[in-house]
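S.K.: So that we are looking at the same thing, I have put the structure below in C-alpha cells.
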Amino acid sequence: MKKTVAILLSILLITALFTGCGAGPKQTVTLKVWGSQEDQAMLTKMVDEFKAANKGKSYDITFGVVSEADAKTKVLEDPSAAADVFAFANDQIKDLVNAGALYEITRNKEKITSENMEGSIEASTVDGKLYAYPETADNGYFMYYDKSVFSADDVKSLDKMLEVANAKGKKVFMDVSNGWYIASFFLGAGGTLTVGEDGNQKCDFNNDNGVKAGEAIKAFTADPAFLTGDDAVLKGGIGGEIAAGVSGTWNAEDIKSILGDNYAATKLPTFTLGSEQVQMGSFAGYKLVGISSQTKFPVDAMDLGEWLTNEKNQITRFETRAMGPSNKKAASSDAVKANVALAALAEQNQFATSQKDVLGTYWAPAEAFGTAMEAKDYSKPIKEMLDTMVSQIEGK
Amino acid sequence: MQYIDYVTLPWYKKIVVRLTKAAKNLGHNFVALISKIGKFLISAFTGIVGGIKYFFSTFWKGDIRTKLSYLFMGSGCLLRGQIVRGLAFLALQMFYIVYMVSFGWGQLKLFPTLGTATKKEIWDEVNQIYLYEQGDNSMLILLFSVLTIAISIVMFYLYFRNIRMAYENQQLLKAGKKLNTIVDDAREFLDKKLHVTFLSLPTLGVIFFTALPLIFMILIAFTNYDKNHQPPGSLFTWVGLENFRNILSGRDVLATTFKGVLAWTIIWAIFATFSNYILGMLLALMINKKGIKFKSMWRTIFVITIAVPQFVTLLLMSRLLDDRGAVNILLGYLGMGPVKFLTDAAIARVTVIVVNIWVGVPYTMLITTGILMNIPAELYESARIDGAGPYKTFTKITLPYMLFVTTPYLITQFVSNINNFNVIFLLSGGNPLALDYYQAGKTDLLVTWLYKLTVNYQDYNLASTIGIMIFVISAAASLIVYNSSSSAKKEGMFQ
C-alpha cells in the first residue's frame, strides 16, 4: 500500500516538476533521517542548525534509529520506505548501488571531493560516480595495550607480545572469528579482495602466502595467551587478564577510563609469515551518508547530507562522539591529532586496505574459518579449508 | 494373521510384522491419495466441459435479454426488473474494465518478463542533479500481476454467475413464477444464505491478506530474486525450476548446505519433540504417584518456569553458556577447562536440545498430568489383580492411552519443532558457522537459514524455495503420521 502511495506521489511530483506549476514556494519539505542510537541527540542538534541556516524553507525532518551497520539490510527491505538521508558503513555501498538505492551525488561534487580525504572519496565512489558523502574515517582497528605489561618495543611483534603475555600470565585479545579482524593476517600477507566482472567477489586468500597466513592464524589461536570474544569480553577483561586487544575507536573512551595512566594504543604488530616478519594489514572503513534514490526532495536531501558531513559537523562528531573526521581540515586539527586512538588508527591506516571491494559474501565464510581455528578444528589441512572458504566467498 | 499368532512370535519377528504392516498401510494410503487426485482431475475436467457446454447451449436457448447478458453483465436481471442486482453486476463490469485499462493490463503485460526497463536519468541543470524516472520494478509487477489475476478469476466467476442467473430468470418467468425482488434477496441473506453473510468478510480477508501474499511468495521461488537482482536497480526474471535444482542436486554447495541443514532439522525435531514428551510424562507420572507429598507444590514449582517468558530464558542461557559466560567461569574455578557449549558444532547441538528440554518440559508435564488423572483407576486395579508390574502397566495402559490422546499434540509439536525459530535463533543464532555451508551454521534449522537468507543476504528466491520445501516436509510428515495413528483409525471409539 505504502508503495502504491509512494508511486502515486512520485508520479504527481514528476508531473508537477514537468508542468512547472508545482506548489507554492513555501512547500513543506518532508525528510527522514536514519542514524545510530548514540547519534540521535547529535543529529537533532545538527538538523536544528540546518533548519536555522535555511530559514527560507519549511522543513519537516523526522529521525529513525538505524545503525550504520544495519542500513543496507533496512534499506533493501523496502527501498521506497527507506529514509531520505541515511548513514551507512562503506562496505555496503556496492550492494546499495546494485539495488539502485542510492542517489548519485552531483551537487557540489567538486567541493566534496576536494575537502575530504582521498581514501574516503574512493570509498564513496562506484564506477567513477560519487554515491555518498564521507562522514567519518575511523572505521578501522588497531591495538590497545596496557603500558604496565608491554613496553613500546614489545608491541611491535605479535610473537614478542605472546611471549611476554605468557610469561606474565596475561592474554592478547583478538576476535579472530570475525571476517573483519581475521582479514588482517591475509591482507598483511598480500592477499587481495576484488570484484570480478560478473559482479562476484574474487579472493586469493588460498594462495601460498594465504596458506602461510592461515598457518599463522592457527599458531596464534593455539597459543595459550590468545583470547577471543566480543567487545564485552575486551572491555570486561582489559587491565586485568587482558593486557592487549585489537579493536576500534568506538571502545576508546571505555578502555581509556579502565586503563587510566596505562592506556596506550598503536598500530597492529608484525607476525611471522613462513619465516619472515610482516606487518598485519587491516580494513580501512568509512562511515558515509547516502541519499535514497527514491527521495521526493533530492535537492534538499542532498543539501542536508552535505550539511551533516561538512567540516564543522565533522568536528562536532569528533567532540561529542570521538569519531575521526574524513574532512582534511578537521582531521588536521590539533585536538584530533592528540587523540591516542585516532593517532594509532592513522598509523595503522598506512597498511590498511579499502573495504569498498568487499562484498556481502565475504563475511560468513571468513567467520566460519576463524571459528574453526578458534575451536582448534584441524580435521582438514589449512590449504583445504582456505580453498573451501575462497570458493564460498567467490559465490556459487 | 490372527492376534494369537502375533503374540506368540519372538520380538524381532513382531517388529518385522509391524514394519510390513506399516509399509502396506503407507502403500495403501499412497494409492488412495493418487486415486483421490485422479478423481479430482476427472471431476474438474467434466466440470469445465460441462461449463463450456452450458455456456454455448444457453446462448442458443436464451432469449434476447439472456443473450445480451453475455455482453453486458446484469442485463438478464436488469431487463427483467431486478434493478439493484443488475446494476451491481454492471457496476462490477465497469469497474473491472476501468481497472484493467488503467492499471491491471499494464502490469499483466509485463508478467511474462517481469519488466525490462531500468530507471532512467534526466540531468537537471538548475539543481545540478539527476532526476530519476523510475523504470520497471519486477517485485511490484509480480505483486500486482498476482492481484490482477485474482481479480480476473473472481470476475470470470461472476460473469458465469451472471449468465446462469439470466438463464434461470428466463426459465422462472417461463414457468410463470415470480422473480426475487431486492427485499427477497436481502431476506434470503439473513435466512437461507446466512453463512454467506457471515463468512464473506473473513474469507475476503484470508484471500487478500494470506492467500495472495502466499501465492506471491511461492512465485518468487521460480525467479532469480536474489542479492544480485534487487529492484528497482536491477530487475529479476523467471528461471523456472533452477532454484529447486540448485538446492536438490548433489554438486552444489547449496545442495550440501540444504542436505546438512535438513538432516539436522529432522534430528533436532525428533529429539526436541520426544525428549520433551518422555521427560514431561515421566515428571508428571512421578508427581502423580501415590505417596508423593505436596503434589501441588511440585507442580507449581515446575509451572513457575513457564511464567518466565521463553525468550528471556533463552537469552539468559545463551549468556550463561557463552565461552566466557558464568558457567565456564565457574568451571574455571573448579579447575576444569572451558566447555565450548555454543561454539563447538557437536556440543552446541547437544546444548540446544538440552536447553529446549528445560524450556519445554513444564508444558508437557501440565498437559500429561491432566490426561493421567483421567485414566480410569479400575484399569490399573484389574491389571494389578492380574499380576502386572509397574512396567507392564505403563506399556500396556498408560502409554497407549497417552499416545491415543496426544498423537495430534505430538504432530503439532514435531512440526512446530521443525520450525522452532526461537530456541535456535535466540540461543545459538545457528552458530557455529560452517565453512562448507552457504551462509549457515551447524545448529541452523531450515527456518533460521531461511531467515538469514532473507534478512542478511536478500536471497529471496532461495528462501522461498526452502519455505516450500519445509511446507512439503511438514505436510507429508503430519499426514503420514496422523493417518497411521490410532487417533485417526479409532476416531469413534471414545466418543
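In the C-alpha cells, each chain is lettered A, B, ... as it comes, each chain's residues begin at 1, and ligands are numbered from 1 in order of appearance.
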Starting from chain A, keep only residues with some atom at most 6 Å from an atom of chain B, counting only C-alpha atoms, and report them as number ranges by chain.
M.R.: A: 98-100, 106-107, 364-365, 368
S.K.: Could you save the residues just selected, with N, CA and C atoms, as a PDB file, in the first residue's frame?
M.R.:
```pdb
ATOM      1  N   ASN A  98      23.977  -1.415  -6.469  1.00  0.00           N
ATOM      2  CA  ASN A  98      23.443  -2.504  -7.282  1.00  0.00           C
ATOM      3  C   ASN A  98      21.921  -2.537  -7.273  1.00  0.00           C
ATOM      4  N   ALA A  99      21.365  -2.286  -6.100  1.00  0.00           N
ATOM      5  CA  ALA A  99      19.912  -2.316  -5.963  1.00  0.00           C
ATOM      6  C   ALA A  99      19.281  -0.985  -6.357  1.00  0.00           C
ATOM      7  N   GLY A 100      20.112  -0.047  -6.819  1.00  0.00           N
ATOM      8  CA  GLY A 100      19.575   1.251  -7.229  1.00  0.00           C
ATOM      9  C   GLY A 100      19.027   2.055  -6.072  1.00  0.00           C
ATOM     10  N   THR A 106      25.777  14.748  -7.310  1.00  0.00           N
ATOM     11  CA  THR A 106      26.361  15.595  -8.344  1.00  0.00           C
ATOM     12  C   THR A 106      26.417  17.053  -7.909  1.00  0.00           C
ATOM     13  N   ARG A 107      25.573  17.403  -6.947  1.00  0.00           N
ATOM     14  CA  ARG A 107      25.561  18.789  -6.446  1.00  0.00           C
ATOM     15  C   ARG A 107      26.825  19.042  -5.643  1.00  0.00           C
ATOM     16  N   ALA A 364      30.576 -14.312   6.104  1.00  0.00           N
ATOM     17  CA  ALA A 364      30.234 -15.577   6.779  1.00  0.00           C
ATOM     18  C   ALA A 364      31.315 -16.648   6.596  1.00  0.00           C
ATOM     19  N   PRO A 365      31.835 -16.884   5.362  1.00  0.00           N
ATOM     20  CA  PRO A 365      32.884 -17.900   5.229  1.00  0.00           C
ATOM     21  C   PRO A 365      34.143 -17.557   6.022  1.00  0.00           C
ATOM     22  N   ALA A 368      33.496 -18.351   9.462  1.00  0.00           N
ATOM     23  CA  ALA A 368      33.480 -19.798   9.669  1.00  0.00           C
ATOM     24  C   ALA A 368      34.902 -20.336   9.807  1.00  0.00           C
TER      25      ALA A 368
END
```
S.K.: Which residue gives the smallest distance to Lys168 in chain A among A:Ala243, A:Met42, A:Leu342, A:Val47, with only C-alpha atoms counted?
M.R.: A:Ala243
S.K.: Fewer than 6 positions away in the same chain doesn't count, so skip those; otherwise give me all residues within 9 Å of Thr223 in chain B, counting only C-alpha atoms, as a PyMOL selection string.
M.R.: chain B and resi 236-243+461
S.K.: Save the residues we just selected, N, CA and C atoms, as a compact mmCIF listing (two decimals), in the first residue's frame?
M.R.:
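out02.txt was written with the following content:
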```
# COMPACT_ATOMS: atom_id res chain seq x y z
N PHE B 236 14.60 -8.69 -11.86
CA PHE B 236 14.73 -10.15 -11.83
C PHE B 236 13.73 -10.75 -12.80
N THR B 237 13.92 -12.01 -13.10
CA THR B 237 13.04 -12.64 -14.08
C THR B 237 12.82 -14.11 -13.72
N TRP B 238 12.03 -14.80 -14.57
CA TRP B 238 11.70 -16.20 -14.27
C TRP B 238 12.89 -17.10 -14.57
N VAL B 239 13.12 -18.10 -13.72
CA VAL B 239 14.17 -19.06 -14.01
C VAL B 239 13.65 -20.49 -13.94
N GLY B 240 12.34 -20.64 -13.84
CA GLY B 240 11.78 -21.99 -13.80
C GLY B 240 12.17 -22.72 -12.53
N LEU B 241 12.60 -23.96 -12.68
CA LEU B 241 12.86 -24.80 -11.51
C LEU B 241 14.32 -24.75 -11.06
N GLU B 242 15.08 -23.75 -11.56
CA GLU B 242 16.51 -23.75 -11.29
C GLU B 242 16.84 -23.73 -9.79
N ASN B 243 16.07 -22.96 -9.02
CA ASN B 243 16.35 -22.89 -7.58
C ASN B 243 16.21 -24.25 -6.93
N ASN B 461 14.78 -15.67 -3.45
CA ASN B 461 14.38 -16.84 -4.23
C ASN B 461 14.70 -18.14 -3.49
```
S.K.: Can you pull out every residue from range 97-221 of chain B that DSSP, working from the backbone, puts in strand (DSSP E), and format the result as a list in words?
M.R.: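 Residues of range 97-221 of chain B classed as strand (DSSP E): Lys120, Glu121, Ile122, Trp123, Asp124, Ile129, Tyr130, Leu131, Tyr132 and Glu133 of chain B.
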S.K.: Let me see the file: selected residues, C-alpha atoms, as a compact mmCIF listing (two decimals), in the first residue's frame.
M.R.:
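What landed in again.txt:
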```txt
# COMPACT_ATOMS: atom_id res chain seq x y z
CA LYS B 120 16.32 6.48 -16.49
CA GLU B 121 18.35 9.53 -15.57
CA ILE B 122 17.49 13.04 -16.70
CA TRP B 123 20.03 15.80 -15.99
CA ASP B 124 18.62 18.79 -14.19
CA ILE B 129 21.34 16.70 -10.06
CA TYR B 130 19.93 13.78 -11.99
CA LEU B 131 16.18 13.34 -11.88
CA TYR B 132 15.32 9.68 -11.77
CA GLU B 133 12.45 8.35 -13.79
```
S.K.: Determine, counting only C-alpha atoms, which protein, DNA and RNA residues have an atom within 7 Å of an atom of range 150-156 of chain A; residues of the same chain fewer than 5 positions away are not included. Present the result as a ChimeraX atom specification.
M.R.: /A:161,269-270
S.K.: Residues of the last selection are to be written out with N, CA and C atoms, as a JSON list (two decimals), in the first residue's frame.
M.R.:
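File produced: part_20.json:
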```json
[["chain", "number", "residue", "atom", "x", "y", "z"],
["A", 161, "MET", "N", 54.83, -10.21, 21.81],
["A", 161, "MET", "CA", 53.69, -9.93, 22.68],
["A", 161, "MET", "C", 53.21, -11.21, 23.36],
["A", 269, "PRO", "N", 50.71, -5.24, 15.35],
["A", 269, "PRO", "CA", 52.10, -5.71, 15.32],
["A", 269, "PRO", "C", 52.43, -6.45, 14.02],
["A", 270, "THR", "N", 53.67, -6.89, 13.91],
["A", 270, "THR", "CA", 54.04, -7.75, 12.79],
["A", 270, "THR", "C", 53.80, -9.19, 13.20]]
```
S.K.: Can you tell me, as a ChimeraX atom specification, what residues are no more than 9 Å from range 122-125 of chain A when counting only C-alpha atoms, ignoring any on the same chain fewer than 2 positions away?
M.R.: /A:90-91,93,117-120,127-134,285-286,288,354-357
S.K.: Might you pull out every residue within 10 Å of Val355 in chain B, with only C-alpha atoms counted and same-chain residues fewer than 4 positions away left off, and present them as a list in words?
M.R.: Ala272, Thr313, Leu314, Met317, Ser318, Val350, Thr351, Val359, Gly360, Val423 and Leu427 of chain B
S.K.: Please provide the set of residues having any atom within 10 Å of Asn162 in chain B, restricted to only C-alpha atoms, with same-chain residues fewer than 3 positions apart removed, written as a list in words.
M.R.: Thr66, Ser69, Tyr70, Phe72, Met73, Gly74, Ser75, Gly76, Cys77, Arg85, Gly86, Phe89, Leu90, Phe156, Tyr157, Leu158, Tyr159, Met165, Ala166, Tyr167 and Glu168 of chain B
S.K.: Those residues you just picked out, can you put them in a file as an mmCIF file, in the first residue's frame with N, CA and C atoms?
M.R.:
```cif
data_model
loop_
_atom_site.group_PDB
_atom_site.id
_atom_site.type_symbol
_atom_site.label_atom_id
_atom_site.label_comp_id
_atom_site.auth_asym_id
_atom_site.auth_seq_id
_atom_site.Cartn_x
_atom_site.Cartn_y
_atom_site.Cartn_z
ATOM 1 N N THR B 66 -31.295 -12.640 -22.215
ATOM 2 C CA THR B 66 -30.227 -13.541 -21.768
ATOM 3 C C THR B 66 -28.993 -13.366 -22.640
ATOM 4 N N SER B 69 -26.913 -10.446 -21.854
ATOM 5 C CA SER B 69 -26.093 -10.530 -20.639
ATOM 6 C C SER B 69 -24.736 -11.144 -20.935
ATOM 7 N N TYR B 70 -24.551 -11.738 -22.114
ATOM 8 C CA TYR B 70 -23.228 -12.217 -22.489
ATOM 9 C C TYR B 70 -22.286 -11.043 -22.760
ATOM 10 N N PHE B 72 -23.258 -7.459 -21.802
ATOM 11 C CA PHE B 72 -23.346 -6.541 -20.674
ATOM 12 C C PHE B 72 -23.799 -7.313 -19.460
ATOM 13 N N MET B 73 -22.948 -7.430 -18.508
ATOM 14 C CA MET B 73 -23.310 -8.199 -17.324
ATOM 15 C C MET B 73 -24.499 -7.554 -16.639
ATOM 16 N N GLY B 74 -25.379 -8.402 -16.131
ATOM 17 C CA GLY B 74 -26.523 -7.888 -15.395
ATOM 18 C C GLY B 74 -27.736 -7.611 -16.248
ATOM 19 N N SER B 75 -27.606 -7.681 -17.597
ATOM 20 C CA SER B 75 -28.768 -7.399 -18.460
ATOM 21 C C SER B 75 -29.919 -8.332 -18.145
ATOM 22 N N GLY B 76 -29.573 -9.613 -17.919
ATOM 23 C CA GLY B 76 -30.608 -10.608 -17.646
ATOM 24 C C GLY B 76 -31.400 -10.292 -16.400
ATOM 25 N N CYS B 77 -30.799 -9.566 -15.483
ATOM 26 C CA CYS B 77 -31.514 -9.190 -14.266
ATOM 27 C C CYS B 77 -32.182 -7.833 -14.446
ATOM 28 N N ARG B 85 -29.745 -5.714 -8.462
ATOM 29 C CA ARG B 85 -28.820 -6.792 -8.793
ATOM 30 C C ARG B 85 -28.160 -6.537 -10.152
ATOM 31 N N GLY B 86 -28.990 -6.136 -11.112
ATOM 32 C CA GLY B 86 -28.468 -5.863 -12.446
ATOM 33 C C GLY B 86 -27.444 -4.746 -12.443
ATOM 34 N N PHE B 89 -24.136 -5.852 -11.005
ATOM 35 C CA PHE B 89 -23.344 -6.592 -11.991
ATOM 36 C C PHE B 89 -22.692 -5.634 -12.986
ATOM 37 N N LEU B 90 -23.475 -4.690 -13.455
ATOM 38 C CA LEU B 90 -22.981 -3.747 -14.457
ATOM 39 C C LEU B 90 -21.839 -2.904 -13.884
ATOM 40 N N PHE B 156 -14.339 -13.589 -13.681
ATOM 41 C CA PHE B 156 -14.768 -14.662 -14.570
ATOM 42 C C PHE B 156 -15.900 -15.448 -13.918
ATOM 43 N N TYR B 157 -15.738 -15.730 -12.634
ATOM 44 C CA TYR B 157 -16.762 -16.453 -11.892
ATOM 45 C C TYR B 157 -18.063 -15.658 -11.871
ATOM 46 N N LEU B 158 -17.955 -14.359 -11.616
ATOM 47 C CA LEU B 158 -19.153 -13.524 -11.553
ATOM 48 C C LEU B 158 -19.839 -13.455 -12.922
ATOM 49 N N TYR B 159 -19.020 -13.395 -13.955
ATOM 50 C CA TYR B 159 -19.549 -13.353 -15.323
ATOM 51 C C TYR B 159 -20.375 -14.602 -15.595
ATOM 52 N N MET B 165 -27.619 -16.786 -13.970
ATOM 53 C CA MET B 165 -28.746 -16.106 -13.356
ATOM 54 C C MET B 165 -29.733 -15.620 -14.418
ATOM 55 N N ALA B 166 -29.178 -15.093 -15.503
ATOM 56 C CA ALA B 166 -30.036 -14.605 -16.582
ATOM 57 C C ALA B 166 -30.888 -15.745 -17.129
ATOM 58 N N TYR B 167 -30.268 -16.901 -17.324
ATOM 59 C CA TYR B 167 -30.984 -18.036 -17.889
ATOM 60 C C TYR B 167 -32.017 -18.585 -16.897
ATOM 61 N N GLU B 168 -31.604 -18.636 -15.623
ATOM 62 C CA GLU B 168 -32.540 -19.118 -14.599
ATOM 63 C C GLU B 168 -33.754 -18.205 -14.504
#
```
